[in-house]
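Asks: Would you mind keeping the following structure in view while I ask a few things?
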Amino acid sequence: MAKYAIKLEVGLVKLGMALEAQASLPVDLLKVLNDPSALRGILLGYAEKVLALEENSRALEEKAGALDRIADAAGSFCITDAAKMLQIMPKELFAYLRSRGWIYRRPGAEHDVGYHEHLANGDLEMKLTTLVRTNGRHKVTEQVRITPKGLAKLAKVLNAQARLI
């Protein structure tokens, strides 16, 4: 008899909790839950949202694939050309690269140099060029260049920052 009383009490507690939960639902929600046409409308709305999100996901996957292809390309770009590709002013890209530890200028030097970290991981490369002066003497110059991998990385970072503004 005691076991039956305990089971009955547990059942009554569960029923009471269910009734409290149902009572706490807004009356409009209860009407919607009991109306098949309203439920159908809600489901159709969510289905449209899911389809739109799937389409956005496909578009983002295509863009990510394009960035990956760029990052895997060969060659490199001077900072001015890279700025044009990133659609920002060259002086803004120079300032960004200096402030984020990509490049620096040695005291008294005329050109920028890439930090070792970015040279080692393939974001930047240094290009040496030999020029012949009018007097016949040779001059060796070096130029920091952005690789496709670095360009893709900068595009992602700058795009993310543009969305924050």
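Chain lettering (A, B, ...) mirrors the order of the structure tokens, residue numbering begins at 1 for each chain separately, and ligand numbering begins at 1 in order of display.
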Which residues are near Val140 of chain A? Cut-off 8 Å, only C-alpha atoms, ignore same chain within fewer than 5 positions. Put them as JSON, numbers by chain.
Replies: {"A": [128, 129, 130, 131]}
Asks: Fewer than 3 positions away in the same chain doesn't count, so skip those; otherwise give me all residues within 8 Å of Cys78 of chain A, counting only C-alpha atoms, as a JSON list (two decimals) with C-alpha atoms, in the first residue's frame.
Replies:
```json
[["chain", "number", "residue", "atom", "x", "y", "z"],
["A", 81, "ASP", "CA", 49.88, 46.40, -55.95],
["A", 82, "ALA", "CA", 48.65, 44.35, -52.99],
["A", 143, "GLN", "CA", 62.01, 44.85, -51.68],
["A", 144, "VAL", "CA", 59.52, 43.25, -49.32],
["A", 145, "ARG", "CA", 56.71, 41.55, -51.25],
["A", 146, "ILE", "CA", 53.42, 40.01, -50.20]]
```
Asks: With only C-alpha atoms as the counted atoms, please give the residues lying no more than 10 Å from Ala155 of chain A, apart from itself and same-chain residues fewer than 6 positions off, as a ChimeraX atom specification.
Replies: /A:67,82-83,85-87,149,161
Asks: Dump N, CA and C atoms for the selected residues as a short mmCIF file (atom, residue, chain, number, x, y, z; two decimals), in the first residue's frame?
Replies:
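Once written, result-v3.cif looks like this:
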```
data_model
loop_
_atom_site.label_atom_id
_atom_site.label_comp_id
_atom_site.auth_asym_id
_atom_site.auth_seq_id
_atom_site.Cartn_x
_atom_site.Cartn_y
_atom_site.Cartn_z
N LEU A 67 39.54 32.11 -51.92
CA LEU A 67 40.66 32.59 -51.10
C LEU A 67 41.72 31.51 -50.96
N ALA A 82 49.48 45.09 -53.93
CA ALA A 82 48.65 44.35 -52.99
C ALA A 82 47.55 45.26 -52.43
N ALA A 83 47.88 46.51 -52.15
CA ALA A 83 46.88 47.46 -51.65
C ALA A 83 45.77 47.66 -52.68
N MET A 85 44.78 45.51 -54.89
CA MET A 85 43.97 44.29 -54.89
C MET A 85 43.05 44.23 -53.68
N LEU A 86 43.53 44.75 -52.56
CA LEU A 86 42.73 44.76 -51.33
C LEU A 86 41.78 45.96 -51.28
N GLN A 87 41.88 46.82 -52.28
CA GLN A 87 41.03 48.01 -52.43
C GLN A 87 41.17 48.97 -51.25
N LYS A 149 49.59 33.87 -50.25
CA LYS A 149 49.14 33.42 -48.92
C LYS A 149 48.95 34.62 -47.99
N GLN A 161 37.62 43.36 -40.21
CA GLN A 161 37.67 44.68 -39.56
C GLN A 161 36.67 45.64 -40.20
#
```
Asks: Calculate how many Å separate atom CA of Gly150 of chain A from atom CA of Leu124 of chain A, rounding to one decimal.
Replies: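 Rounded to one decimal, the two atoms are 6.4 Å apart.
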Asks: What does the distance between atom CA of Gly114 of chain A and atom CA of Leu151 of chain A come to in Å, to one decimal place?
Replies: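 Answer for the atom CA of Gly114 of chain A to atom CA of Leu151 of chain A separation: 14.1 Å.
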Asks: Of the candidates A:Leu43, A:Ile79, A:Leu53, A:Ile103, which one gets nearest to Lys91 of chain A if we count only C-alpha atoms?
Replies: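 Smallest separation from Lys91 of chain A among the options: A:Ile79.
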Asks: Quick one: of A:Asp112, A:Glu62, A:Glu117, A:Glu48, who's nearest to Ala95 of chain A, counting only C-alpha atoms?
Replies: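 Closest candidate: A:Asp112.
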Asks: So how far away is atom CA of Leu119 of chain A from atom CA of Leu154 of chain A, in Å?
Replies: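 For atom CA of Leu154 of chain A relative to atom CA of Leu119 of chain A, the distance reads 14.5 Å.
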